[in-house]
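Peer 1: Structure file upload38.pdb, PDB, C-alpha atoms and all ligand atoms, is pasted below:
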```pdb
MODEL        1
ATOM      1  CA  MET A  25      47.162  16.331  -0.577
ATOM      2  CA  LYS A  26      45.613  19.771  -0.298
ATOM      3  CA  PRO A  27      41.888  19.991   0.372
ATOM      4  CA  THR A  28      39.743  21.219  -2.490
ATOM      5  CA  ALA A  29      38.923  24.917  -2.504
ATOM      6  CA  TYR A  30      35.198  24.943  -3.093
ATOM      7  CA  ASP A  31      34.501  28.117  -5.020
ATOM      8  CA  SER A  32      31.432  26.766  -6.792
ATOM      9  CA  THR A  33      28.670  24.300  -6.017
ATOM     10  CA  ASP A  34      29.533  22.441  -9.229
ATOM     11  CA  LEU A  35      32.951  21.532  -7.830
ATOM     12  CA  ILE A  36      31.307  20.002  -4.776
ATOM     13  CA  THR A  37      29.043  17.869  -6.966
ATOM     14  CA  GLN A  38      32.002  16.766  -9.106
ATOM     15  CA  GLU A  39      34.076  15.742  -6.105
ATOM     16  CA  VAL A  40      31.239  13.790  -4.512
ATOM     17  CA  LEU A  41      30.459  11.985  -7.781
ATOM     18  CA  LYS A  42      34.142  11.122  -8.232
ATOM     19  CA  ARG A  43      34.296   9.462  -4.828
ATOM     20  CA  TYR A  44      31.092   7.424  -5.313
ATOM     21  CA  GLU A  45      32.276   6.200  -8.704
ATOM     22  CA  SER A  46      34.322   3.646  -6.751
ATOM     23  CA  THR A  47      31.141   1.899  -5.493
ATOM     24  CA  PRO A  48      31.822  -1.799  -6.282
ATOM     25  CA  ASP A  49      28.261  -2.980  -6.995
ATOM     26  CA  PRO A  50      27.292  -1.703 -10.466
ATOM     27  CA  ARG A  51      23.581  -1.260  -9.724
ATOM     28  CA  LEU A  52      24.267   0.522  -6.435
ATOM     29  CA  ARG A  53      26.822   2.707  -8.232
ATOM     30  CA  GLU A  54      24.246   3.636 -10.881
ATOM     31  CA  ILE A  55      21.653   4.495  -8.213
ATOM     32  CA  MET A  56      24.039   6.495  -6.026
ATOM     33  CA  LEU A  57      25.521   8.559  -8.846
ATOM     34  CA  SER A  58      22.069   9.414 -10.187
ATOM     35  CA  LEU A  59      20.784  10.189  -6.697
ATOM     36  CA  ILE A  60      23.687  12.564  -6.036
ATOM     37  CA  ARG A  61      23.250  14.312  -9.406
ATOM     38  CA  HIS A  62      19.504  14.815  -8.890
ATOM     39  CA  LEU A  63      19.767  15.714  -5.219
ATOM     40  CA  HIS A  64      22.394  18.347  -5.861
ATOM     41  CA  ALA A  65      20.496  19.701  -8.879
ATOM     42  CA  PHE A  66      17.353  19.943  -6.757
ATOM     43  CA  ALA A  67      19.140  21.851  -3.989
ATOM     44  CA  LYS A  68      20.610  24.248  -6.540
ATOM     45  CA  ASP A  69      17.310  24.643  -8.373
ATOM     46  CA  VAL A  70      15.412  25.789  -5.277
ATOM     47  CA  LYS A  71      18.489  27.524  -3.778
ATOM     48  CA  LEU A  72      18.044  25.503  -0.611
ATOM     49  CA  THR A  73      18.880  27.480   2.537
ATOM     50  CA  SER A  74      20.527  26.100   5.671
ATOM     51  CA  PRO A  75      17.382  26.585   7.830
ATOM     52  CA  GLU A  76      15.334  24.718   5.195
ATOM     53  CA  TRP A  77      17.900  21.917   5.115
ATOM     54  CA  LEU A  78      17.791  21.668   8.921
ATOM     55  CA  ALA A  79      13.971  21.634   8.940
ATOM     56  CA  ALA A  80      14.053  18.730   6.462
ATOM     57  CA  MET A  81      16.540  16.777   8.607
ATOM     58  CA  GLN A  82      14.372  17.332  11.682
ATOM     59  CA  LEU A  83      11.272  16.220   9.770
ATOM     60  CA  LEU A  84      13.027  12.989   8.735
ATOM     61  CA  GLU A  85      14.111  12.416  12.347
ATOM     62  CA  GLU A  86      10.550  12.865  13.611
ATOM     63  CA  THR A  87       9.186  10.700  10.797
ATOM     64  CA  GLY A  88      11.335   7.848  12.058
ATOM     65  CA  THR A  89       9.714   8.089  15.475
ATOM     66  CA  TRP A  90       6.289   7.393  13.909
ATOM     67  CA  CYS A  91       7.464   4.113  12.409
ATOM     68  CA  ALA A  92       6.725   0.724  13.968
ATOM     69  CA  PRO A  93       5.691  -2.691  12.613
ATOM     70  CA  GLY A  94       2.479  -1.979  10.674
ATOM     71  CA  ARG A  95       3.060   1.774  10.374
ATOM     72  CA  ASN A  96       5.740   3.124   8.046
ATOM     73  CA  GLU A  97       5.456   6.910   7.937
ATOM     74  CA  PHE A  98       8.116   7.133   5.204
ATOM     75  CA  ILE A  99       5.847   5.049   2.956
ATOM     76  CA  ILE A 100       3.050   7.586   3.492
ATOM     77  CA  PHE A 101       5.375  10.326   2.188
ATOM     78  CA  SER A 102       6.332   8.104  -0.765
ATOM     79  CA  ASP A 103       2.654   7.366  -1.453
ATOM     80  CA  ALA A 104       1.540  11.000  -1.198
ATOM     81  CA  LEU A 105       4.355  12.168  -3.506
ATOM     82  CA  GLY A 106       3.408   9.573  -6.143
ATOM     83  CA  LEU A 107       6.736   7.745  -5.851
ATOM     84  CA  SER A 108       5.111   4.469  -4.788
ATOM     85  CA  MET A 109       2.746   4.311  -7.772
ATOM     86  CA  LEU A 110       5.471   5.428 -10.179
ATOM     87  CA  THR A 111       7.698   2.586  -8.968
ATOM     88  CA  VAL A 112       4.920  -0.028  -9.085
ATOM     89  CA  THR A 113       3.941   1.094 -12.581
ATOM     90  CA  GLN A 114       7.428   0.919 -14.089
ATOM     91  CA  ASP A 115       8.544  -2.193 -12.220
ATOM     92  CA  TYR A 116       5.610  -4.569 -12.661
ATOM     93  CA  GLN A 117       5.658  -6.108 -16.140
ATOM     94  CA  ARG A 118       2.050  -7.153 -16.505
ATOM     95  CA  PRO A 119       0.851  -9.436 -19.257
ATOM     96  CA  GLU A 120      -2.510  -8.692 -20.856
ATOM     97  CA  GLY A 121      -5.326  -9.744 -18.530
ATOM     98  CA  ALA A 122      -3.266  -9.969 -15.327
ATOM     99  CA  THR A 123      -4.625  -8.090 -12.317
ATOM    100  CA  GLU A 124      -3.187  -4.608 -11.962
ATOM    101  CA  PRO A 125      -0.964  -3.982  -8.948
ATOM    102  CA  THR A 126      -1.167  -0.906  -6.789
ATOM    103  CA  LEU A 127       0.786   0.472  -3.870
ATOM    104  CA  LEU A 128       1.524  -1.458  -0.687
ATOM    105  CA  GLY A 129       0.612   1.323   1.742
ATOM    106  CA  PRO A 130       2.029   1.785   5.233
ATOM    107  CA  PHE A 131      -0.057  -0.758   7.199
ATOM    108  CA  LEU A 132       1.070  -4.266   6.163
ATOM    109  CA  VAL A 133       1.895  -6.485   9.143
ATOM    110  CA  GLU A 134       3.952  -9.616   8.481
ATOM    111  CA  GLY A 135       2.755 -12.756  10.250
ATOM    112  CA  ALA A 136      -0.939 -11.807  10.350
ATOM    113  CA  PRO A 137      -3.378 -14.252  12.037
ATOM    114  CA  LYS A 138      -4.262 -17.262   9.873
ATOM    115  CA  PHE A 139      -7.864 -18.156   8.982
ATOM    116  CA  GLU A 140      -9.607 -21.084   7.345
ATOM    117  CA  MET A 141     -11.804 -20.720   4.285
ATOM    118  CA  GLY A 142     -14.989 -18.783   5.018
ATOM    119  CA  GLN A 143     -13.993 -17.630   8.503
ATOM    120  CA  ASP A 144     -14.527 -14.125   9.874
ATOM    121  CA  ILE A 145     -11.298 -12.088   9.956
ATOM    122  CA  SER A 146     -12.934  -8.977  11.483
ATOM    123  CA  ARG A 147     -12.301 -10.108  15.096
ATOM    124  CA  GLY A 148     -14.818  -7.599  16.449
ATOM    125  CA  ALA A 149     -14.117  -4.736  14.021
ATOM    126  CA  GLN A 150     -17.127  -2.430  13.638
ATOM    127  CA  GLY A 151     -18.945  -2.175  10.331
ATOM    128  CA  VAL A 152     -21.485  -3.638   7.942
ATOM    129  CA  PRO A 153     -20.716  -7.340   7.450
ATOM    130  CA  LEU A 154     -18.937  -8.117   4.183
ATOM    131  CA  TYR A 155     -18.609 -11.526   2.547
ATOM    132  CA  SER A 156     -15.713 -11.623   0.051
ATOM    133  CA  HIS A 157     -15.097 -14.566  -2.212
ATOM    134  CA  GLY A 158     -13.480 -15.385  -5.503
ATOM    135  CA  ARG A 159     -10.621 -17.171  -7.195
ATOM    136  CA  VAL A 160      -6.924 -16.845  -7.840
ATOM    137  CA  VAL A 161      -5.903 -18.009 -11.325
ATOM    138  CA  ASP A 162      -2.793 -17.869 -13.497
ATOM    139  CA  GLY A 163      -2.500 -16.272 -16.929
ATOM    140  CA  GLN A 164      -4.000 -19.380 -18.559
ATOM    141  CA  GLY A 165      -7.023 -19.257 -16.259
ATOM    142  CA  GLN A 166      -5.855 -22.291 -14.286
ATOM    143  CA  PRO A 167      -6.691 -22.223 -10.553
ATOM    144  CA  VAL A 168      -3.792 -21.424  -8.225
ATOM    145  CA  LYS A 169      -4.072 -23.680  -5.189
ATOM    146  CA  GLY A 170      -2.323 -22.913  -1.930
ATOM    147  CA  ALA A 171      -1.775 -19.248  -2.742
ATOM    148  CA  VAL A 172      -1.192 -17.219   0.430
ATOM    149  CA  ILE A 173      -3.503 -14.215   0.600
ATOM    150  CA  ASP A 174      -2.945 -11.398   3.097
ATOM    151  CA  VAL A 175      -5.984  -9.134   3.490
ATOM    152  CA  TRP A 176      -6.125  -5.939   5.567
ATOM    153  CA  HIS A 177      -8.494  -2.997   5.677
ATOM    154  CA  SER A 178     -10.120  -0.264   7.776
ATOM    155  CA  ASP A 179     -13.200  -0.523   9.985
ATOM    156  CA  ASP A 180     -16.203   1.814   9.757
ATOM    157  CA  ARG A 181     -14.290   4.549  11.621
ATOM    158  CA  GLY A 182     -11.741   4.573   8.804
ATOM    159  CA  ILE A 183      -8.843   3.327  10.908
ATOM    160  CA  TYR A 184      -6.716   0.189  10.886
ATOM    161  CA  ASP A 185      -5.945  -2.138  13.790
ATOM    162  CA  VAL A 186      -2.398  -0.745  13.918
ATOM    163  CA  GLN A 187      -3.849   2.701  14.696
ATOM    164  CA  ASP A 188      -5.926   1.448  17.638
ATOM    165  CA  HIS A 189      -3.881   0.123  20.602
ATOM    166  CA  PHE A 190      -2.451  -2.657  18.445
ATOM    167  CA  GLU A 191      -0.019  -3.769  21.168
ATOM    168  CA  THR A 192      -2.887  -4.728  23.486
ATOM    169  CA  ASN A 193      -5.847  -5.318  21.144
ATOM    170  CA  GLY A 194      -3.933  -7.214  18.459
ATOM    171  CA  ALA A 195      -4.994  -7.658  14.860
ATOM    172  CA  TRP A 196      -8.501  -7.122  13.519
ATOM    173  CA  ALA A 197      -9.804  -6.770   9.976
ATOM    174  CA  ARG A 198      -6.568  -8.454   8.976
ATOM    175  CA  GLY A 199      -5.737 -12.040   8.165
ATOM    176  CA  GLN A 200      -3.956 -14.606   6.087
ATOM    177  CA  LEU A 201      -5.820 -17.204   4.023
ATOM    178  CA  ASN A 202      -4.939 -19.975   1.607
ATOM    179  CA  THR A 203      -6.720 -20.754  -1.639
ATOM    180  CA  GLY A 204      -8.222 -24.209  -1.967
ATOM    181  CA  GLU A 205      -7.600 -26.860  -4.662
ATOM    182  CA  ASP A 206      -9.875 -24.929  -7.015
ATOM    183  CA  GLY A 207      -8.091 -21.617  -6.405
ATOM    184  CA  ARG A 208     -11.054 -20.341  -4.412
ATOM    185  CA  PHE A 209     -10.995 -18.168  -1.323
ATOM    186  CA  SER A 210     -13.681 -16.730   0.925
ATOM    187  CA  PHE A 211     -13.858 -14.782   4.154
ATOM    188  CA  TRP A 212     -16.157 -12.615   6.213
ATOM    189  CA  SER A 213     -15.155  -9.208   7.519
ATOM    190  CA  VAL A 214     -16.685  -5.722   7.589
ATOM    191  CA  MET A 215     -17.045  -3.011   4.960
ATOM    192  CA  PRO A 216     -14.109  -0.597   4.699
ATOM    193  CA  VAL A 217     -14.902   3.115   4.422
ATOM    194  CA  ASP A 218     -13.148   6.179   2.972
ATOM    195  CA  TYR A 219     -10.463   7.378   5.359
ATOM    196  CA  PRO A 220      -7.860  10.141   5.622
ATOM    197  CA  ILE A 221      -4.179   9.278   5.877
ATOM    198  CA  PRO A 222      -3.055   9.205   9.549
ATOM    199  CA  GLN A 223      -3.690  12.536  11.239
ATOM    200  CA  ASP A 224      -1.046  12.149  13.921
ATOM    201  CA  GLY A 225       2.179  11.756  11.940
ATOM    202  CA  THR A 226       4.437  13.957   9.828
ATOM    203  CA  ALA A 227       3.113  13.200   6.321
ATOM    204  CA  ILE A 228      -0.229  14.821   7.116
ATOM    205  CA  ARG A 229       1.593  18.082   7.916
ATOM    206  CA  MET A 230       3.007  18.118   4.387
ATOM    207  CA  ILE A 231      -0.501  17.475   3.003
ATOM    208  CA  HIS A 232      -2.048  20.273   5.077
ATOM    209  CA  ALA A 233       0.679  22.692   3.946
ATOM    210  CA  THR A 234       0.289  21.746   0.275
ATOM    211  CA  THR A 235      -2.631  19.980  -1.449
ATOM    212  CA  GLY A 236      -5.031  19.478   1.434
ATOM    213  CA  GLU A 237      -5.959  16.141  -0.214
ATOM    214  CA  SER A 238      -5.694  13.514   2.513
ATOM    215  CA  TRP A 239      -8.539  11.066   1.812
ATOM    216  CA  ARG A 240      -8.471   7.582   0.331
ATOM    217  CA  PRO A 241     -11.523   5.882  -1.216
ATOM    218  CA  ALA A 242     -12.740   2.745   0.622
ATOM    219  CA  HIS A 243     -10.730  -0.359  -0.269
ATOM    220  CA  LEU A 244      -9.459  -3.765   0.770
ATOM    221  CA  HIS A 245      -5.721  -4.485   0.544
ATOM    222  CA  PHE A 246      -4.538  -7.809  -0.871
ATOM    223  CA  ARG A 247      -1.108  -9.388  -1.132
ATOM    224  CA  ILE A 248      -1.099 -12.732  -2.944
ATOM    225  CA  VAL A 249       1.954 -14.975  -3.060
ATOM    226  CA  ALA A 250       2.195 -18.306  -4.882
ATOM    227  CA  PRO A 251       5.069 -20.452  -6.234
ATOM    228  CA  ASN A 252       6.346 -19.552  -9.721
ATOM    229  CA  LEU A 253       4.062 -16.515  -9.941
ATOM    230  CA  ARG A 254       4.860 -12.862  -9.430
ATOM    231  CA  PRO A 255       3.697 -11.687  -5.999
ATOM    232  CA  LEU A 256       0.715  -9.385  -6.417
ATOM    233  CA  VAL A 257       0.077  -6.382  -4.172
ATOM    234  CA  THR A 258      -3.173  -4.654  -4.952
ATOM    235  CA  HIS A 259      -6.437  -3.169  -3.679
ATOM    236  CA  LEU A 260     -10.113  -3.518  -4.542
ATOM    237  CA  PHE A 261     -11.919  -0.181  -4.320
ATOM    238  CA  ASP A 262     -15.618   0.317  -3.565
ATOM    239  CA  ARG A 263     -17.332   1.636  -6.704
ATOM    240  CA  GLN A 264     -19.738   3.620  -4.524
ATOM    241  CA  SER A 265     -16.988   5.767  -2.998
ATOM    242  CA  GLU A 266     -17.227   9.394  -4.098
ATOM    243  CA  ARG A 267     -13.468   9.840  -3.819
ATOM    244  CA  LEU A 268     -12.272   7.432  -6.532
ATOM    245  CA  ASP A 269     -10.847  10.346  -8.541
ATOM    246  CA  ARG A 270      -9.172  12.041  -5.560
ATOM    247  CA  ASP A 271      -7.106   9.332  -3.893
ATOM    248  CA  ALA A 272      -4.490  11.070  -1.722
ATOM    249  CA  VAL A 273      -1.902   8.503  -2.822
ATOM    250  CA  PHE A 274      -2.828   8.079  -6.521
ATOM    251  CA  GLY A 275      -3.510   4.335  -6.130
ATOM    252  CA  VAL A 276      -6.856   3.912  -7.919
ATOM    253  CA  ARG A 277      -6.898   2.076 -11.260
ATOM    254  CA  PRO A 278     -10.182   1.566 -13.122
ATOM    255  CA  SER A 279      -9.735  -2.223 -13.260
ATOM    256  CA  LEU A 280      -9.470  -2.316  -9.443
ATOM    257  CA  VAL A 281     -12.839  -0.632  -8.843
ATOM    258  CA  ALA A 282     -15.226  -3.396  -7.787
ATOM    259  CA  ASP A 283     -18.873  -3.843  -6.908
ATOM    260  CA  PHE A 284     -19.362  -4.220  -3.189
ATOM    261  CA  VAL A 285     -22.995  -5.290  -3.537
ATOM    262  CA  ARG A 286     -25.375  -4.046  -0.834
ATOM    263  CA  HIS A 287     -28.078  -6.435   0.444
ATOM    264  CA  ALA A 288     -30.946  -5.741   2.860
ATOM    265  CA  GLY A 289     -30.633  -9.148   4.517
ATOM    266  CA  GLY A 290     -31.367 -12.796   3.792
ATOM    267  CA  ALA A 291     -29.218 -15.750   2.818
ATOM    268  CA  ALA A 292     -25.564 -14.916   2.073
ATOM    269  CA  PRO A 293     -23.671 -16.872  -0.627
ATOM    270  CA  ASP A 294     -22.247 -19.247   1.995
ATOM    271  CA  GLY A 295     -25.732 -19.998   3.362
ATOM    272  CA  ARG A 296     -25.415 -17.782   6.432
ATOM    273  CA  ASN A 297     -28.729 -16.086   7.248
ATOM    274  CA  MET A 298     -28.307 -12.351   7.700
ATOM    275  CA  ASP A 299     -30.832 -10.469   9.839
ATOM    276  CA  GLY A 300     -29.729  -7.035   8.634
ATOM    277  CA  PRO A 301     -27.813  -5.285   5.853
ATOM    278  CA  TYR A 302     -24.666  -6.869   4.552
ATOM    279  CA  CYS A 303     -22.462  -6.673   1.458
ATOM    280  CA  THR A 304     -20.846  -9.130  -0.898
ATOM    281  CA  LEU A 305     -17.775  -8.882  -3.091
ATOM    282  CA  GLU A 306     -16.718 -11.375  -5.730
ATOM    283  CA  HIS A 307     -13.440 -11.090  -7.598
ATOM    284  CA  THR A 308     -10.986 -13.150  -9.614
ATOM    285  CA  PHE A 309      -7.289 -12.282  -9.285
ATOM    286  CA  VAL A 310      -5.125 -13.144 -12.288
ATOM    287  CA  MET A 311      -1.486 -13.668 -11.367
ATOM    288  CA  ALA A 312       1.442 -12.783 -13.655
ATOM    289  CA  PRO A 313       4.323 -15.229 -14.178
ATOM    290  CA  ALA A 314       7.387 -14.797 -11.994
TER     291      ALA A 314
HETATM  292 FE    FE B   1      -5.606   1.280   3.020
ENDMDL
END
```
Would you write the structure of this file as C-alpha cells?
Ligand SMILES: [Fe+2]
Peer 2:
Amino acid sequence: MKPTAYDSTDLITQEVLKRYESTPDPRLREIMLSLIRHLHAFAKDVKLTSPEWLAAMQLLEETGTWCAPGRNEFIIFSDALGLSMLTVTQDYQRPEGATEPTLLGPFLVEGAPKFEMGQDISRGAQGVPLYSHGRVVDGQGQPVKGAVIDVWHSDDRGIYDVQDHFETNGAWARGQLNTGEDGRFSFWSVMPVDYPIPQDGTAIRMIHATTGESWRPAHLHFRIVAPNLRPLVTHLFDRQSERLDRDAVFGVRPSLVADFVRHAGGAAPDGRNMDGPYCTLEHTFVMAPA
C-alpha cells in the first residue's frame, strides 16, 4: 500500500481519526476521537509552529520531574486552566442540600497518619491553633458513622508538608480521622493562610506569563469516604480571606465559605484552656448517595 500524500492538514486529521476508530472500548474510542479532533483543530486555529510544539513537549517533560507523591504538577496546570473545576462540576450529581464538591488539588497524600477524635494533627506546624469539629450526615440528616476523613492544609507560611523536606520531616497539618457513632468528628490543628501556588515548578511560569493570579484563599481540604455514599472532595474557605473572589484555581463556592471564629483565649469547645488566641470551626458535611 502506498503511503498517503499529505497535501493538507485535513487529510492528516482524517487518517488519524480513521485509525483510532478501531479502539475496542467504546468510551475510550469516544474520548480519543474527540481529543484528536479538538487537538488538531486547536493546532490549526493557532497555526502552531514547530518551535512552539517543541517548547510544549519540553514543558511537559519538565513538569513530570516536579511530580512526586503529594505533589502533582500536572494537576496544578489543570486547576489553573479551570479544567479541574469544570470536571468536578459536570461529573458530581449533587442532590439538593448535599455539600458542594471542589477540586482535589495537587497535595493529597494517600495513607496519611491516623488520629483519634479530638487529637492534634498539626504535628508541630506553625500557626494560630484551630479547633475544627462537626458532623457527617447523609441526605436524610442521619449521622454517618465510621466515615474516613482526610484533612490537609497549609501552615502559617502558606506551604504544605510536602513542600518542606517531606522525606525527612514527614507529614504535618495532615491526618486521617474517623467519625464516631453520632457522625461527629473533631481535631486540633493550626489556621491555614492564603498562599500562592508553588513557586518552584512549571505551572507558576504559565501564570507569570499570563494572568499573574497565583494566590489561593485560606482553606482546609477534606476528602470524606463512607460506604454507600459518594466520596466527597471539598474545601472549607476562611470567610475573612480577602482573596475569595480571586482564587487562582477557581475552586471557591459560596456554600464552602465558612466562619473560622477568632477567640482571644479561654476555654475551647473541648474544654481545653487556651492562654492565647485561637480559632474554632464548626461544619456539617452532607454526603450524596453513591
Ligand atoms: Fe490547598
Peer 1: Hey, could you make a per-residue contact list for chain A against ligand FE 1 (chain B) with 12 Å as the cut-off, showing the nearest pair of atoms and its distance in Å to one decimal, counting all atoms listed in the file, sorted by chain and number, as JSON lines?
Peer 2:
```
{"residue": "A:Gly94", "atom": "CA", "partner": "B:FE1", "partner_atom": "FE", "distance": 11.6}
{"residue": "A:Arg95", "atom": "CA", "partner": "B:FE1", "partner_atom": "FE", "distance": 11.4}
{"residue": "A:Ile100", "atom": "CA", "partner": "B:FE1", "partner_atom": "FE", "distance": 10.7}
{"residue": "A:Asp103", "atom": "CA", "partner": "B:FE1", "partner_atom": "FE", "distance": 11.2}
{"residue": "A:Thr126", "atom": "CA", "partner": "B:FE1", "partner_atom": "FE", "distance": 11.0}
{"residue": "A:Leu127", "atom": "CA", "partner": "B:FE1", "partner_atom": "FE", "distance": 9.4}
{"residue": "A:Leu128", "atom": "CA", "partner": "B:FE1", "partner_atom": "FE", "distance": 8.5}
{"residue": "A:Gly129", "atom": "CA", "partner": "B:FE1", "partner_atom": "FE", "distance": 6.3}
{"residue": "A:Pro130", "atom": "CA", "partner": "B:FE1", "partner_atom": "FE", "distance": 8.0}
{"residue": "A:Phe131", "atom": "CA", "partner": "B:FE1", "partner_atom": "FE", "distance": 7.2}
{"residue": "A:Leu132", "atom": "CA", "partner": "B:FE1", "partner_atom": "FE", "distance": 9.2}
{"residue": "A:Val175", "atom": "CA", "partner": "B:FE1", "partner_atom": "FE", "distance": 10.4}
{"residue": "A:Trp176", "atom": "CA", "partner": "B:FE1", "partner_atom": "FE", "distance": 7.7}
{"residue": "A:His177", "atom": "CA", "partner": "B:FE1", "partner_atom": "FE", "distance": 5.8}
{"residue": "A:Ser178", "atom": "CA", "partner": "B:FE1", "partner_atom": "FE", "distance": 6.7}
{"residue": "A:Asp179", "atom": "CA", "partner": "B:FE1", "partner_atom": "FE", "distance": 10.5}
{"residue": "A:Gly182", "atom": "CA", "partner": "B:FE1", "partner_atom": "FE", "distance": 9.1}
{"residue": "A:Ile183", "atom": "CA", "partner": "B:FE1", "partner_atom": "FE", "distance": 8.8}
{"residue": "A:Tyr184", "atom": "CA", "partner": "B:FE1", "partner_atom": "FE", "distance": 8.0}
{"residue": "A:Asp185", "atom": "CA", "partner": "B:FE1", "partner_atom": "FE", "distance": 11.3}
{"residue": "A:Val186", "atom": "CA", "partner": "B:FE1", "partner_atom": "FE", "distance": 11.5}
{"residue": "A:Gln187", "atom": "CA", "partner": "B:FE1", "partner_atom": "FE", "distance": 11.9}
{"residue": "A:Ala197", "atom": "CA", "partner": "B:FE1", "partner_atom": "FE", "distance": 11.4}
{"residue": "A:Arg198", "atom": "CA", "partner": "B:FE1", "partner_atom": "FE", "distance": 11.5}
{"residue": "A:Pro216", "atom": "CA", "partner": "B:FE1", "partner_atom": "FE", "distance": 8.9}
{"residue": "A:Val217", "atom": "CA", "partner": "B:FE1", "partner_atom": "FE", "distance": 9.6}
{"residue": "A:Asp218", "atom": "CA", "partner": "B:FE1", "partner_atom": "FE", "distance": 9.0}
{"residue": "A:Tyr219", "atom": "CA", "partner": "B:FE1", "partner_atom": "FE", "distance": 8.1}
{"residue": "A:Pro220", "atom": "CA", "partner": "B:FE1", "partner_atom": "FE", "distance": 9.5}
{"residue": "A:Ile221", "atom": "CA", "partner": "B:FE1", "partner_atom": "FE", "distance": 8.6}
{"residue": "A:Pro222", "atom": "CA", "partner": "B:FE1", "partner_atom": "FE", "distance": 10.6}
{"residue": "A:Trp239", "atom": "CA", "partner": "B:FE1", "partner_atom": "FE", "distance": 10.3}
{"residue": "A:Arg240", "atom": "CA", "partner": "B:FE1", "partner_atom": "FE", "distance": 7.4}
{"residue": "A:Pro241", "atom": "CA", "partner": "B:FE1", "partner_atom": "FE", "distance": 8.6}
{"residue": "A:Ala242", "atom": "CA", "partner": "B:FE1", "partner_atom": "FE", "distance": 7.7}
{"residue": "A:His243", "atom": "CA", "partner": "B:FE1", "partner_atom": "FE", "distance": 6.3}
{"residue": "A:Leu244", "atom": "CA", "partner": "B:FE1", "partner_atom": "FE", "distance": 6.7}
{"residue": "A:His245", "atom": "CA", "partner": "B:FE1", "partner_atom": "FE", "distance": 6.3}
{"residue": "A:Phe246", "atom": "CA", "partner": "B:FE1", "partner_atom": "FE", "distance": 9.9}
{"residue": "A:Val257", "atom": "CA", "partner": "B:FE1", "partner_atom": "FE", "distance": 11.9}
{"residue": "A:Thr258", "atom": "CA", "partner": "B:FE1", "partner_atom": "FE", "distance": 10.2}
{"residue": "A:His259", "atom": "CA", "partner": "B:FE1", "partner_atom": "FE", "distance": 8.1}
{"residue": "A:Leu260", "atom": "CA", "partner": "B:FE1", "partner_atom": "FE", "distance": 10.0}
{"residue": "A:Phe261", "atom": "CA", "partner": "B:FE1", "partner_atom": "FE", "distance": 9.8}
{"residue": "A:Asp271", "atom": "CA", "partner": "B:FE1", "partner_atom": "FE", "distance": 10.7}
{"residue": "A:Ala272", "atom": "CA", "partner": "B:FE1", "partner_atom": "FE", "distance": 10.9}
{"residue": "A:Val273", "atom": "CA", "partner": "B:FE1", "partner_atom": "FE", "distance": 10.0}
{"residue": "A:Gly275", "atom": "CA", "partner": "B:FE1", "partner_atom": "FE", "distance": 9.9}
{"residue": "A:Val276", "atom": "CA", "partner": "B:FE1", "partner_atom": "FE", "distance": 11.3}
```
Peer 1: With only C-alpha atoms as the atoms that count, which of A:Tyr116, A:Gln223, A:Trp212, A:Ile55 lies nearest to Ser238 of chain A?
Peer 2: A:Gln223
Peer 1: Once the PyMOL selection byres (((chain A and resi 291-300) around 10) and not hetatm) has been applied to the shown file, what residues remain in the selection, as a PyMOL selection string?
Peer 2: chain A and resi 142+152-157+210-212+287-290+301-304
Peer 1: Using only C-alpha atoms, find the one residue out of A:Gly225, A:Ala171, A:Glu39, A:Gln143 that sits nearest to Ser213 of chain A.
Peer 2: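 Ranking A:Gly225, A:Ala171, A:Glu39, A:Gln143 by distance to Ser213 of chain A, first place goes to A:Gln143.
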Peer 1: Evaluate the PyMOL selection byres (((chain A and resi 117) around 12) and not hetatm) against this structure - the residues, as a compact mmCIF listing (two decimals) with C-alpha atoms, in the coordinates of the input, please.
Peer 2:
```txt
# COMPACT_ATOMS: atom_id res chain seq x y z
CA THR A 111 7.70 2.59 -8.97
CA VAL A 112 4.92 -0.03 -9.09
CA THR A 113 3.94 1.09 -12.58
CA GLN A 114 7.43 0.92 -14.09
CA ASP A 115 8.54 -2.19 -12.22
CA TYR A 116 5.61 -4.57 -12.66
CA ARG A 118 2.05 -7.15 -16.50
CA PRO A 119 0.85 -9.44 -19.26
CA GLU A 120 -2.51 -8.69 -20.86
CA GLY A 121 -5.33 -9.74 -18.53
CA ALA A 122 -3.27 -9.97 -15.33
CA THR A 123 -4.62 -8.09 -12.32
CA GLU A 124 -3.19 -4.61 -11.96
CA PRO A 125 -0.96 -3.98 -8.95
CA ARG A 254 4.86 -12.86 -9.43
CA PRO A 255 3.70 -11.69 -6.00
CA LEU A 256 0.72 -9.38 -6.42
CA MET A 311 -1.49 -13.67 -11.37
CA ALA A 312 1.44 -12.78 -13.66
CA PRO A 313 4.32 -15.23 -14.18
CA ALA A 314 7.39 -14.80 -11.99
```
Peer 1: Taking only C-alpha atoms into account, name the residue in A:Lys169, A:Ile36, A:Gln200, A:Ser102 that is nearest to Met230 of chain A.
Peer 2: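 Once distances to Met230 of chain A are computed over only C-alpha atoms, the minimum belongs to A:Ser102.
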Peer 1: Can you pull out every residue within 6 Å of Arg147 of chain A, counting all atoms listed in the file, but drop anything in the same chain fewer than 2 positions away, and send it as a ChimeraX atom specification?
Peer 2: /A:145,149,196
Peer 1: Nearest residue to Thr89 of chain A out of A:Gln150, A:Thr226, A:Leu35, A:Gly170, using only C-alpha atoms?
Peer 2: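 Counting only C-alpha atoms, the residue closest to Thr89 of chain A is A:Thr226.
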